[in-house]
4 protein chains.
Amino acid sequence: MTTPEFELPVRIYIEDTDAGGIVFYANYLKFFERARTELVRSLGVSLREGLSEDTSYVVHSVELKYKAPAVLDDQIVVTASIAHVARTYMDFEQTARHVDGRVLVLCKVRVACVALSNLKPKALPDELADALVLLQ
Amino acid sequence: MTTPEFELPVRIYIEDTDAGGIVFYANYLKFFERARTELVRSLGVSLREGLSEDTSYVVHSVELKYKAPAVLDDQIVVTASIAHVARTYMDFEQTARHVDGRVLVLCKVRVACVALSNLKPKALPDELADALVLLQ
Amino acid sequence: MTTPEFELPVRIYIEDTDAGGIVFYANYLKFFERARTELVRSLGVSLREGLSEDTSYVVHSVELKYKAPAVLDDQIVVTASIAHVARTYMDFEQTARHVDGRVLVLCKVRVACVALSNLKPKALPDELADALVLLQ
Amino acid sequence: MTTPEFELPVRIYIEDTDAGGIVFYANYLKFFERARTELVRSLGVSLREGLSEDTSYVVHSVELKYKAPAVLDDQIVVTASIAHVARTYMDFEQTARHVDGRVLVLCKVRVACVALSNLKPKALPDELADALVLLQ
């Protein structure tokens with residue numbers, strides 16, 4: 001049921017690295033968020049419009065497995081696919097791969113839809129739910 | 001007319017460093033913002049209350065001179081003092097120093113008060129302006 | 001077998017927040033790393049000395065559960081305790097709590113000891129392993 | 001004498017924003033560094049090779065003027081051009097512009113070439129100096 005992988009190319013800049021000479025482990029969560037955002041954008045759904053309708057998205061849980069490090073100047077590909085859609089949340093499966101094919105990081109993320117006003121769960125907007133159904 | 005230096009101790013963590021083995025140059029702007037925030041907090045003025053009154057603060061301009069690098073585990077002291085207060089902005093003078101006394105970075109920052117709704121300049125809140133006068 | 005919680009107070013600054021008005025989800029990994037670093041430092045073990053002996057530490061895997069958001073100016077407490085020590089890795093259990101007692105984020109992290117030269121697993125330094133035994 | 005502008009498109013992600021709803025002021029220094037890196041890369045000069053020859057680059061000084069804010073989902077263009085080349089440093093002039101043409105941030109940066117081993121100034125590598133001459 002997992003959708004096709006959306007792919008976002010990411011260049012590793014000095015801002016992404018740490019004194020260990022590799023990409024700082026927290027920064028992959030930035031890359032994964034960028035890929036999720038672009039996946040949703042590719043569906044024609046705008047996050048900012050959601051904000052004006054009291055709808056926001058928050059990360060509910062994350063699982064990360066670090067397989068190999070990326071270093072300065074590396075070109076990597078960050079993927080996102082949707083593994084499951086429920087009434088109030090989406091499950092993403094994501095990877096960061098070096099362009100040479102090596103898997104760097106594996107990630108599972110549950111993103112919940114919430115009301116911006118009180119952060120309580122609410123149903124995914126129809127516009128988004130409908131687009132996700134078409135993707136599967 | 002510059003006020004006494006407010007001092008904020010900052011420990012250098014791996015998140016602050018880059019593959020060059022030193023603190024990434026943008027991260028000092030985080031440290032300087034923390035010190036300005038704590039200086040204002042020490043005056044008993046709350047930023048968040050300001051937000052609810054359509055008042056926000058934006059950085060207008062910055063000058064940075066990097067004198068020496070900080071590295072992982074270093075303990076540094078970040079200072080902030082107020083060099084000038086105008087109707088709609090404040091000028092800060094700031095330094096980052098190693099605890100051994102070496103100057104690492106010098107910084108001048110102009111912070112403007114704006115209306116959150118339209119980002120146009122507005123007068124500093126009386127509460128803040130009065131507190132700053134007492135400081136000088 | 002989990003060790004007592006090491007506690008690190010963390011203030012939420014504007015750098016930690018995002019346009020959703022809450023702490024950006026990746027930034028908790030910075031806070032958790034700070035707490036692990038200070039826990040190890042409290043044992044009298046220096047990370048930087050390790051670096052000169054071809055020893056480094058890399059995060060192997062992370063599990064995060066986001067329970068409630070932190071916002072600007074919040075004072076939170078980030079904890080770290082050691083759940084398990086193996087020959088080449090350590091398992092940490094960590095929490096981020098608001099000072100009012102609410103749990104914000106739960107985290108499990110496996111940190112592996114590797115050779116800096118080739119990033120292959122190697123045994124934890126005796127100095128660190130011995131200190132961890134005393135802690136339990 | 002300033003070289004033609006190198007242009008790097010940058011999308012604003014949630015990681016770039018803060019609770020004020022705009023791009024956090026320090027993050028433009030990340031964008032400006034990316035543009036300088038890509039400008040140098042476009043000249044066929046590799047930073048990483050330099051590192052292996054005891055050559056590194058450090059920021060000496062920065063001037064920033066913030067003219068207008070960028071917000072979530074904005075598409076901006078970050079430029080870099082070289083205003084002056086000396087024996088041991090380069091002066092860059094940079095801008096961040098919204099794709100609608102509005103200037104967001106102006107920046108001047110002096111980047112110095114240093115020996116990685118002791119961080120003392122050293123002459124720009126011939127490879128880089130020659131490429132910069134061709135650019136002007």
# chains A, B, ... in the order shown; residues from 1 in each chain; ligands from 1
call {"tool": "interface_residues", "arguments": {"of": "chain A", "to": "chain C", "cutoff": "7 Å", "atoms": "only C-alpha atoms", "output": "CSV table (one decimal) with N, CA and C atoms, in the first residue's frame"}}
result
chain,number,residue,atom,x,y,z
A,26,ALA,N,20.7,15.2,14.0
A,26,ALA,CA,19.4,15.9,14.0
A,26,ALA,C,19.1,16.5,12.7
A,29,LEU,N,16.5,15.0,10.2
A,29,LEU,CA,15.0,15.3,10.4
A,29,LEU,C,14.6,16.6,9.7
A,30,LYS,N,15.6,17.5,9.4
A,30,LYS,CA,15.3,18.6,8.5
A,30,LYS,C,15.1,18.1,7.1
A,59,VAL,N,4.4,16.4,14.3
A,59,VAL,CA,5.0,15.1,14.3
A,59,VAL,C,4.6,14.4,15.6
A,60,HIS,N,4.1,13.2,15.4
A,60,HIS,CA,3.7,12.4,16.6
A,60,HIS,C,4.8,11.4,17.1
A,61,SER,N,5.5,10.8,16.2
A,61,SER,CA,6.6,9.9,16.5
A,61,SER,C,7.5,9.7,15.4
A,62,VAL,N,8.7,9.3,15.7
A,62,VAL,CA,9.8,9.1,14.7
A,62,VAL,C,10.7,7.9,15.1
A,63,GLU,N,11.0,7.1,14.1
A,63,GLU,CA,12.0,6.1,14.3
A,63,GLU,C,13.1,6.3,13.3
A,64,LEU,N,14.4,6.4,13.8
A,64,LEU,CA,15.5,6.6,12.9
A,64,LEU,C,16.5,5.5,13.0
A,65,LYS,N,17.1,5.0,11.9
A,65,LYS,CA,18.2,4.1,11.9
A,65,LYS,C,19.3,4.7,11.1
A,66,TYR,N,20.4,4.9,11.7
A,66,TYR,CA,21.6,5.5,11.0
A,66,TYR,C,22.5,4.4,10.5
call {"tool": "select_by_dssp", "arguments": {"residues": "segment 2-99 of chain B", "states": "strand (DSSP E)", "output": "PyMOL selection string"}}
result
chain B and resi 6-11+55-66+75-85+89-98
call {"tool": "atom_distance", "arguments": {"atom1": "atom CA of Leu128 of chain C", "atom2": "atom CA of Ala19 of chain A"}}
result
20.6 Å
call {"tool": "select_by_dssp", "arguments": {"residues": "segment 40-127 of chain C", "states": "helix (DSSP H, G or I)", "output": "VMD selection string"}}
result
chain C and resid 40 to 42 47 to 52 126 to 127
call {"tool": "residues_around", "arguments": {"residues": "segment 73-78 of chain D", "least_positions_apart": "4", "cutoff": "6 Å", "atoms": "only C-alpha atoms", "output": "list of chain:residue names"}}
result
D:Glu7, D:Leu8, D:Pro9, D:Val10, D:Arg11, D:Ile12, D:Thr95, D:Ala96, D:Arg97, D:His98, D:Val99
call {"tool": "write_last_selection", "arguments": {"atoms": "N, CA and C atoms", "output": "PDB file, in the first residue's frame"}}
result
ATOM      1  N   GLU D   7      23.585  32.851  -8.815  1.00  0.00           N
ATOM      2  CA  GLU D   7      22.246  32.786  -8.209  1.00  0.00           C
ATOM      3  C   GLU D   7      21.923  31.365  -7.767  1.00  0.00           C
ATOM      4  N   LEU D   8      21.486  31.248  -6.514  1.00  0.00           N
ATOM      5  CA  LEU D   8      21.068  29.949  -5.972  1.00  0.00           C
ATOM      6  C   LEU D   8      19.623  30.058  -5.504  1.00  0.00           C
ATOM      7  N   PRO D   9      18.705  29.265  -6.083  1.00  0.00           N
ATOM      8  CA  PRO D   9      17.327  29.280  -5.592  1.00  0.00           C
ATOM      9  C   PRO D   9      17.245  28.543  -4.250  1.00  0.00           C
ATOM     10  N   VAL D  10      16.487  29.102  -3.323  1.00  0.00           N
ATOM     11  CA  VAL D  10      16.313  28.490  -1.996  1.00  0.00           C
ATOM     12  C   VAL D  10      14.833  28.503  -1.639  1.00  0.00           C
ATOM     13  N   ARG D  11      14.301  27.385  -1.259  1.00  0.00           N
ATOM     14  CA  ARG D  11      12.921  27.282  -0.779  1.00  0.00           C
ATOM     15  C   ARG D  11      12.937  27.429   0.742  1.00  0.00           C
ATOM     16  N   ILE D  12      11.982  28.162   1.296  1.00  0.00           N
ATOM     17  CA  ILE D  12      11.906  28.332   2.752  1.00  0.00           C
ATOM     18  C   ILE D  12      11.080  27.200   3.357  1.00  0.00           C
ATOM     19  N   THR D  95      23.048  38.929  -1.824  1.00  0.00           N
ATOM     20  CA  THR D  95      21.682  39.371  -1.551  1.00  0.00           C
ATOM     21  C   THR D  95      20.778  38.153  -1.434  1.00  0.00           C
ATOM     22  N   ALA D  96      19.711  38.324  -0.678  1.00  0.00           N
ATOM     23  CA  ALA D  96      18.593  37.375  -0.702  1.00  0.00           C
ATOM     24  C   ALA D  96      17.405  38.157  -1.240  1.00  0.00           C
ATOM     25  N   ARG D  97      16.829  37.653  -2.321  1.00  0.00           N
ATOM     26  CA  ARG D  97      15.683  38.331  -2.943  1.00  0.00           C
ATOM     27  C   ARG D  97      14.528  37.357  -3.034  1.00  0.00           C
ATOM     28  N   HIS D  98      13.323  37.878  -2.840  1.00  0.00           N
ATOM     29  CA  HIS D  98      12.142  37.068  -3.130  1.00  0.00           C
ATOM     30  C   HIS D  98      12.040  36.908  -4.649  1.00  0.00           C
ATOM     31  N   VAL D  99      11.433  35.816  -5.121  1.00  0.00           N
ATOM     32  CA  VAL D  99      11.297  35.665  -6.573  1.00  0.00           C
ATOM     33  C   VAL D  99      10.443  36.772  -7.170  1.00  0.00           C
TER      34      VAL D  99
END
call {"tool": "residues_around", "arguments": {"residues": "segment 85-88 of chain B", "least_positions_apart": "3", "cutoff": "8 Å", "atoms": "only C-alpha atoms", "output": "VMD selection string"}}
result
chain B and resid 82 91 112 to 114 121 to 124 129 132
